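Participant: My structure is stored as input-v1.tsv, with TSV, C-alpha atoms.
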chain	number	residue	atom	x	y	z
A	19	PRO	CA	56.58	64.70	112.17
A	20	ILE	CA	60.34	64.82	111.71
A	21	THR	CA	62.57	66.56	114.24
A	22	LEU	CA	66.04	67.64	113.13
A	23	HIS	CA	68.91	68.35	115.52
A	24	PHE	CA	72.03	70.16	114.32
A	25	GLY	CA	75.31	70.64	116.13
A	26	GLY	CA	78.96	71.47	115.54
A	27	ASP	CA	81.62	74.09	116.19
A	28	LEU	CA	81.51	75.99	112.88
A	29	CYS	CA	81.02	79.73	113.39
A	30	ALA	CA	77.93	80.87	111.51
A	31	VAL	CA	78.04	83.95	109.25
A	32	SER	CA	81.84	83.80	109.02
A	33	GLY	CA	82.43	82.35	105.56
A	34	ILE	CA	83.54	78.91	106.74
A	35	GLY	CA	80.60	77.26	104.99
A	36	ALA	CA	78.47	76.50	108.05
A	37	SER	CA	75.25	77.13	106.14
A	38	ALA	CA	76.33	74.79	103.34
A	39	ALA	CA	77.32	72.10	105.84
A	40	GLN	CA	73.89	72.47	107.46
A	41	VAL	CA	71.78	72.23	104.30
A	42	VAL	CA	73.81	69.34	102.85
A	43	ALA	CA	73.55	67.47	106.17
A	44	GLN	CA	69.83	68.19	106.20
A	45	ALA	CA	69.42	66.83	102.67
A	46	ARG	CA	71.25	63.62	103.62
A	47	ALA	CA	69.21	63.23	106.82
A	48	LEU	CA	65.87	63.73	105.05
A	49	SER	CA	66.90	61.36	102.28
A	50	LYS	CA	67.49	58.60	104.82
A	51	ALA	CA	64.54	59.45	107.07
A	52	LEU	CA	62.08	59.43	104.18
A	53	GLY	CA	63.61	56.40	102.50
A	54	ARG	CA	64.42	58.30	99.33
A	55	GLU	CA	67.83	57.40	97.98
A	56	MET	CA	69.57	60.44	96.52
A	57	THR	CA	72.76	60.51	94.47
A	58	GLU	CA	75.57	62.82	95.53
A	59	ASP	CA	74.63	65.12	92.63
A	60	LYS	CA	71.05	65.31	93.92
A	61	ILE	CA	72.29	66.00	97.46
A	62	ASN	CA	74.40	68.81	96.02
A	63	GLU	CA	71.43	70.24	94.13
A	64	ALA	CA	69.34	70.20	97.29
A	65	GLY	CA	72.16	71.89	99.17
A	66	TYR	CA	72.33	74.62	96.54
A	67	GLU	CA	68.60	75.30	96.91
A	68	GLY	CA	69.08	75.55	100.66
A	69	GLU	CA	71.98	77.98	100.20
A	70	LYS	CA	69.67	80.27	98.23
A	71	GLY	CA	67.62	80.70	101.39
A	72	TYR	CA	70.72	81.93	103.23
A	73	HIS	CA	72.50	83.97	100.58
A	74	GLY	CA	70.13	84.78	97.72
A	75	THR	CA	72.52	84.09	94.84
A	76	PRO	CA	75.20	81.69	96.13
A	77	SER	CA	78.07	80.60	93.90
A	78	GLY	CA	77.49	76.93	94.64
A	79	ILE	CA	81.04	76.28	95.73
A	80	ASP	CA	80.28	75.80	99.44
A	81	ASN	CA	77.54	73.22	99.00
A	82	THR	CA	79.69	71.41	96.41
A	83	ALA	CA	82.62	71.23	98.85
A	84	ALA	CA	80.32	70.13	101.68
A	85	THR	CA	78.84	67.38	99.50
A	86	PHE	CA	81.94	65.90	97.90
A	87	GLY	CA	84.77	66.93	100.25
A	88	GLY	CA	88.45	66.88	99.36
A	89	LEU	CA	90.18	69.45	97.20
A	90	LEU	CA	88.07	70.81	94.36
A	91	ARG	CA	88.42	73.11	91.40
A	92	PHE	CA	85.14	74.98	90.99
A	93	GLN	CA	84.02	77.29	88.20
A	94	ARG	CA	80.68	79.03	88.07
A	95	THR	CA	79.08	79.34	84.60
A	96	ASP	CA	75.82	80.63	83.14
A	97	GLY	CA	74.62	77.02	83.28
A	98	ALA	CA	75.65	74.19	85.56
A	99	PRO	CA	78.89	74.81	87.48
A	100	ILE	CA	82.05	72.97	86.51
A	101	PHE	CA	84.07	71.23	89.18
A	102	ASP	CA	86.59	68.43	89.42
A	103	ARG	CA	88.54	66.82	92.21
A	104	LYS	CA	92.21	67.70	92.31
A	105	GLN	CA	95.00	65.22	92.83
A	106	ILE	CA	97.95	66.73	94.67
A	107	ALA	CA	101.62	65.85	94.55
A	108	GLU	CA	102.47	66.96	98.10
A	109	PRO	CA	100.49	67.14	101.36
A	110	ILE	CA	98.83	70.53	101.83
A	111	ARG	CA	98.93	71.57	105.49
A	112	ILE	CA	96.53	74.36	106.35
A	113	VAL	CA	95.80	76.40	109.44
A	114	TYR	CA	92.47	78.22	109.56
A	115	ALA	CA	91.62	81.01	111.99
A	116	SER	CA	88.52	83.07	112.64
A	117	THR	CA	88.56	86.81	113.31
A	118	GLY	CA	85.42	86.35	115.38
A	119	ILE	CA	83.71	88.95	113.21
A	120	THR	CA	80.60	87.90	111.33
A	121	ALA	CA	79.52	89.47	108.06
A	122	SER	CA	76.62	89.03	105.68
A	123	THR	CA	77.68	87.34	102.45
A	124	THR	CA	74.69	88.93	100.71
A	125	LYS	CA	75.75	92.42	101.80
A	126	VAL	CA	79.43	91.97	100.96
A	127	VAL	CA	78.62	90.53	97.51
A	128	GLY	CA	76.15	93.36	96.96
A	129	ASP	CA	78.75	95.98	97.85
A	130	VAL	CA	81.28	94.47	95.47
A	131	ARG	CA	78.67	94.30	92.72
A	132	ALA	CA	77.91	97.99	93.24
A	133	LYS	CA	81.63	98.84	92.96
A	134	LYS	CA	81.85	96.78	89.77
A	135	GLU	CA	78.90	98.60	88.22
A	136	ALA	CA	80.30	101.99	89.27
A	137	ASP	CA	83.78	101.31	87.82
A	138	PRO	CA	83.80	98.37	85.36
A	139	ALA	CA	87.39	99.05	84.24
A	140	TRP	CA	88.67	98.83	87.82
A	141	PHE	CA	86.86	95.54	88.38
A	142	ASP	CA	87.92	94.07	85.03
A	143	ASN	CA	91.55	94.80	85.85
A	144	LEU	CA	91.29	93.01	89.19
A	145	MET	CA	89.52	90.08	87.53
A	146	GLU	CA	92.27	89.77	84.92
A	147	GLN	CA	94.86	89.59	87.70
A	148	TYR	CA	92.74	87.09	89.59
A	149	LEU	CA	92.29	84.72	86.63
A	150	ASP	CA	96.04	84.74	86.02
A	151	LEU	CA	96.58	84.03	89.71
A	152	VAL	CA	94.17	81.08	89.67
A	153	ALA	CA	95.99	79.50	86.71
A	154	ARG	CA	99.38	79.89	88.40
A	155	GLY	CA	98.04	78.61	91.71
A	156	GLU	CA	96.50	75.54	90.12
A	157	LYS	CA	99.76	74.77	88.28
A	158	ALA	CA	101.75	75.11	91.52
A	159	LEU	CA	99.27	72.83	93.29
A	160	GLU	CA	99.50	70.14	90.64
A	161	GLU	CA	103.30	70.28	90.59
A	162	GLY	CA	103.63	70.27	94.36
A	163	ASP	CA	105.41	73.64	94.33
A	164	LEU	CA	104.35	74.88	97.75
A	165	ILE	CA	106.54	77.98	97.63
A	166	ALA	CA	104.85	79.17	94.43
A	167	LEU	CA	101.45	78.27	95.88
A	168	GLY	CA	102.18	80.31	98.98
A	169	GLN	CA	103.21	83.30	96.87
A	170	CYS	CA	99.91	83.02	95.00
A	171	MET	CA	98.03	83.06	98.29
A	172	ASP	CA	99.86	86.22	99.35
A	173	GLU	CA	99.02	87.87	96.03
A	174	ASN	CA	95.40	86.80	96.38
A	175	HIS	CA	95.16	88.48	99.76
A	176	THR	CA	96.44	91.70	98.23
A	177	LEU	CA	93.74	91.49	95.55
A	178	CYS	CA	91.11	90.92	98.25
A	179	GLN	CA	92.35	94.07	99.99
A	180	LYS	CA	91.99	96.01	96.74
A	181	LEU	CA	88.50	94.56	96.35
A	182	THR	CA	87.75	96.01	99.83
A	183	VAL	CA	86.70	92.65	101.30
A	184	SER	CA	89.52	92.29	103.81
A	185	CYS	CA	89.76	94.09	107.14
A	186	LYS	CA	92.38	94.96	109.77
A	187	GLU	CA	91.61	91.88	111.87
A	188	SER	CA	92.11	89.56	108.88
A	189	ASP	CA	95.25	91.41	107.83
A	190	ASP	CA	96.71	91.10	111.34
A	191	LEU	CA	96.14	87.34	111.45
A	192	VAL	CA	97.65	86.95	107.97
A	193	GLN	CA	100.76	88.84	109.08
A	194	ALA	CA	101.02	86.82	112.32
A	195	ALA	CA	100.84	83.57	110.37
A	196	ARG	CA	103.55	84.65	107.98
A	197	LYS	CA	105.83	85.72	110.84
A	198	ALA	CA	105.29	82.32	112.51
A	199	GLY	CA	106.53	80.51	109.40
A	200	ALA	CA	103.62	80.22	106.99
A	201	ILE	CA	104.78	80.34	103.38
A	202	GLY	CA	101.51	81.93	102.29
A	203	ALA	CA	98.41	83.34	103.96
A	204	LYS	CA	95.22	85.05	102.89
A	205	MET	CA	91.71	85.92	103.98
A	206	SER	CA	89.02	83.42	103.12
A	207	GLY	CA	85.26	83.21	103.01
A	208	THR	CA	82.90	86.16	103.15
A	209	GLY	CA	85.47	88.79	103.97
A	210	ARG	CA	85.30	91.91	106.18
A	211	GLY	CA	85.90	89.60	109.08
A	212	GLY	CA	85.34	85.88	108.90
A	213	LEU	CA	88.35	83.69	108.27
A	214	MET	CA	91.91	83.49	107.06
A	215	LEU	CA	94.04	80.50	106.14
A	216	ALA	CA	97.76	79.85	106.13
A	217	LEU	CA	99.84	77.36	104.14
A	218	THR	CA	102.48	75.58	106.21
A	219	PRO	CA	105.16	73.34	104.65
A	220	THR	CA	105.79	70.99	107.61
A	221	GLU	CA	103.94	69.64	110.63
A	222	GLU	CA	106.27	71.58	112.91
A	223	ILE	CA	105.53	74.89	111.22
A	224	GLN	CA	101.83	74.05	111.06
A	225	ASP	CA	101.86	73.55	114.85
A	226	ALA	CA	103.82	76.78	115.35
A	227	VAL	CA	101.41	78.82	113.25
A	228	TYR	CA	98.46	77.17	115.00
A	229	GLU	CA	99.80	78.11	118.44
A	230	GLU	CA	100.62	81.66	117.34
A	231	LEU	CA	97.15	82.30	115.93
A	232	LYS	CA	95.50	80.86	119.06
A	233	LYS	CA	96.94	83.82	120.97
A	234	THR	CA	94.58	86.25	119.26
A	235	ALA	CA	92.01	84.35	117.19
A	236	PRO	CA	88.85	83.06	118.95
A	237	GLN	CA	88.83	79.86	116.87
A	238	VAL	CA	91.70	78.08	115.11
A	239	TRP	CA	91.70	74.80	113.18
A	240	LYS	CA	94.34	72.81	111.32
A	241	THR	CA	93.96	70.16	108.65
A	242	THR	CA	95.93	68.38	105.95
A	243	PHE	CA	94.98	67.42	102.40
A	244	ALA	CA	96.97	64.41	101.20
Output the file's structure in the form of structure tokens.
Facilitator:
Amino acid sequence: PITLHFGGDLCAVSGIGASAAQVVAQARALSKALGREMTEDKINEAGYEGEKGYHGTPSGIDNTAATFGGLLRFQRTDGAPIFDRKQIAEPIRIVYASTGITASTTKVVGDVRAKKEADPAWFDNLMEQYLDLVARGEKALEEGDLIALGQCMDENHTLCQKLTVSCKESDDLVQAARKAGAIGAKMSGTGRGGLMLALTPTEEIQDAVYEELKKTAPQVWKTTFA
């Protein structure tokens, strides 16, 4: 028999990717325990199958990020997803905070799907704005234009509000981060609770935003992509 022990401080059912981290870690552990060498692609495939058990029809982005790490561009297709690792010109300093509210990804996705089916024109308009935003955000990221990237994050949060996947608690943390010096902030993850993230241009501002969000958020993290 094989006994598995899992641990960590990721808040489950919040959109931070705890389920993906768990199934990818499980795939790696079983690969080693059973003496079956698996490539990173195979680990990712196993993680995706595990995510189906949690979410039904996952996008695949969380298990891909958990497998490969770093900064990724991910695109879901009718076939295999497309992703590549991004090289960045400037350090990206991020502060993450949890609202402490958990939400079911399956339910939120189902609600959005129902809204799409009820009003395709409304959804198509939001999607057109979103695709334009992704292109501008990726360009800003590649060029190291943090101000433009922050503006894209702010616009994205507005789109998430229109999509009805934000909530007052997320909105309040986003506003607090901006007032503390963040140059962009948005909800992240499942929505209707879960997480938000803020872009901070310097270590000093990152620390200031971190301390401000700790006043009201039950969990706060900070990290840097370089």
Participant: Just want the 8 Å neighbourhood of A:Phe92, counted on only C-alpha atoms, with same-chain residues fewer than 2 positions away dropped. Output as a ChimeraX atom specification.
Facilitator: /A:79,90,94,99-102
Participant: Report as JSON lines the residues of stretch 36-130 of chain A within 6 Å of stretch 214-236 of chain A, each with its shortest atom pair and distance in Å (one decimal), using all atoms listed in the file, ordered by chain and increasing residue number.
Facilitator:
{"residue": "A:Arg111", "atom": "CA", "partner": "A:Thr218", "partner_atom": "CA", "distance": 5.4}
{"residue": "A:Ile112", "atom": "CA", "partner": "A:Leu217", "partner_atom": "CA", "distance": 5.0}
{"residue": "A:Val113", "atom": "CA", "partner": "A:Ala216", "partner_atom": "CA", "distance": 5.2}
{"residue": "A:Tyr114", "atom": "CA", "partner": "A:Leu215", "partner_atom": "CA", "distance": 4.4}
{"residue": "A:Ala115", "atom": "CA", "partner": "A:Met214", "partner_atom": "CA", "distance": 5.5}
{"residue": "A:Ser116", "atom": "CA", "partner": "A:Ala235", "partner_atom": "CA", "distance": 5.9}
{"residue": "A:Thr117", "atom": "CA", "partner": "A:Ala235", "partner_atom": "CA", "distance": 5.7}
{"residue": "A:Gly118", "atom": "CA", "partner": "A:Pro236", "partner_atom": "CA", "distance": 5.9}
Participant: For stretch 134-165 of chain A against stretch 188-206 of chain A, with a cut-off of 12 Å and counting only C-alpha atoms, what is the closest atom pair and its distance in Å to one decimal for every residue that makes the cut, ordered by chain and number, as CSV?
Facilitator:
residue,atom,partner,partner_atom,distance
A:Gly155,CA,A:Gly202,CA,11.6
A:Asp163,CA,A:Ile201,CA,11.3
A:Leu164,CA,A:Ile201,CA,7.9
A:Ile165,CA,A:Ile201,CA,6.5
Participant: Would you export the selected residues with C-alpha atoms as a compact mmCIF listing (two decimals), in the frame of the given file, please?
Facilitator:
# COMPACT_ATOMS: atom_id res chain seq x y z
CA GLY A 155 98.04 78.61 91.71
CA ASP A 163 105.41 73.64 94.33
CA LEU A 164 104.35 74.88 97.75
CA ILE A 165 106.54 77.98 97.63
Participant: Here is a test: counting only C-alpha atoms, which residue of A:Lys240, A:Asn174, A:Thr75, A:Lys134 is nearest to A:Val152?
Facilitator: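 Among A:Lys240, A:Asn174, A:Thr75, A:Lys134, it is A:Asn174 that comes nearest to A:Val152.
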Participant: May I ask for the distance between atom CA of A:Asp80 and atom CA of A:Pro19, given in Å to one decimal place?
Facilitator: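 These two atoms are separated by 29.1 Å.
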Participant: Measure the distance from atom CA of A:Val42 to atom CA of A:Gly65 in Å and round it to one decimal.
Facilitator: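 Value for the atom CA of A:Val42-atom CA of A:Gly65 distance: 4.8 Å.
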Participant: Using only C-alpha atoms, which of the listed residues (A:Gly35, A:Gly162, A:Gly211, A:Gly25) sits closest to A:Thr85?
Facilitator: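 For A:Thr85, the nearest of the given residues is A:Gly35.
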Participant: Give the answer as one residue: which of A:Gly87, A:Ser49, A:Thr57, A:Leu151 has the shortest atom-to-atom distance to A:Asp172, using only C-alpha atoms?
Facilitator: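 So, comparing all the options, the nearest one is A:Leu151.
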Participant: Taking all atoms listed in the file into account, name the residue in A:Leu181, A:Ser37, A:Leu48, A:Leu28 that is nearest to A:Asp137.
Facilitator: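 Counting all atoms listed in the file, the residue closest to A:Asp137 is A:Leu181.
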Participant: What does the distance between atom CA of A:Leu167 and atom CA of A:Ile34 come to in Å, to one decimal place?
Facilitator: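 These two atoms are separated by 21.0 Å.
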Participant: With distances taken over all atoms listed in the file, which residue among A:Ala51, A:Leu213, A:Leu159, A:Ala39 lies nearest A:Gln105?
Facilitator: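 Nearest candidate to A:Gln105 out of A:Ala51, A:Leu213, A:Leu159, A:Ala39: A:Leu159.
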Participant: As a VMD selection string, please: the residues near A:Gly209 (cut-off 10 Å, all atoms listed in the file, same-chain neighbours under 4 positions excluded).
Facilitator: chain A and resid 32 to 33 119 to 123 126 to 127 178 to 179 182 to 185 188 205 213 to 214
Participant: Restricting it to C-alpha atoms, dump the selection as a PDB file, in the frame of the given file.
Facilitator:
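Result file out.pdb:
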ATOM      1  CA  SER A  32      81.840  83.800 109.020  1.00  0.00           C
ATOM      2  CA  GLY A  33      82.430  82.350 105.560  1.00  0.00           C
ATOM      3  CA  ILE A 119      83.710  88.950 113.210  1.00  0.00           C
ATOM      4  CA  THR A 120      80.600  87.900 111.330  1.00  0.00           C
ATOM      5  CA  ALA A 121      79.520  89.470 108.060  1.00  0.00           C
ATOM      6  CA  SER A 122      76.620  89.030 105.680  1.00  0.00           C
ATOM      7  CA  THR A 123      77.680  87.340 102.450  1.00  0.00           C
ATOM      8  CA  VAL A 126      79.430  91.970 100.960  1.00  0.00           C
ATOM      9  CA  VAL A 127      78.620  90.530  97.510  1.00  0.00           C
ATOM     10  CA  CYS A 178      91.110  90.920  98.250  1.00  0.00           C
ATOM     11  CA  GLN A 179      92.350  94.070  99.990  1.00  0.00           C
ATOM     12  CA  THR A 182      87.750  96.010  99.830  1.00  0.00           C
ATOM     13  CA  VAL A 183      86.700  92.650 101.300  1.00  0.00           C
ATOM     14  CA  SER A 184      89.520  92.290 103.810  1.00  0.00           C
ATOM     15  CA  CYS A 185      89.760  94.090 107.140  1.00  0.00           C
ATOM     16  CA  SER A 188      92.110  89.560 108.880  1.00  0.00           C
ATOM     17  CA  MET A 205      91.710  85.920 103.980  1.00  0.00           C
ATOM     18  CA  LEU A 213      88.350  83.690 108.270  1.00  0.00           C
ATOM     19  CA  MET A 214      91.910  83.490 107.060  1.00  0.00           C
TER      20      MET A 214
END
Participant: For each of A:Ala158, A:Ile106, A:Ala36, A:Ala43, take the minimum atom-to-atom distance to A:Phe243, counting all atoms listed in the file, then give the residue where this is smallest.
Facilitator: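 Ranked by minimum distance to A:Phe243, first place goes to A:Ile106.
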Participant: What residues have an atom no more than 7 Å from (66.6, 66.4, 109.8) in the file's own frame, counting all atoms listed in the file, and can you write them as a tab-separated table (two decimals) with C-alpha atoms, in the coordinates of the input?
Facilitator:
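Printed below is out.tsv as written:
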chain	number	residue	atom	x	y	z
A	20	ILE	CA	60.34	64.82	111.71
A	21	THR	CA	62.57	66.56	114.24
A	22	LEU	CA	66.04	67.64	113.13
A	23	HIS	CA	68.91	68.35	115.52
A	44	GLN	CA	69.83	68.19	106.20
A	47	ALA	CA	69.21	63.23	106.82
A	48	LEU	CA	65.87	63.73	105.05
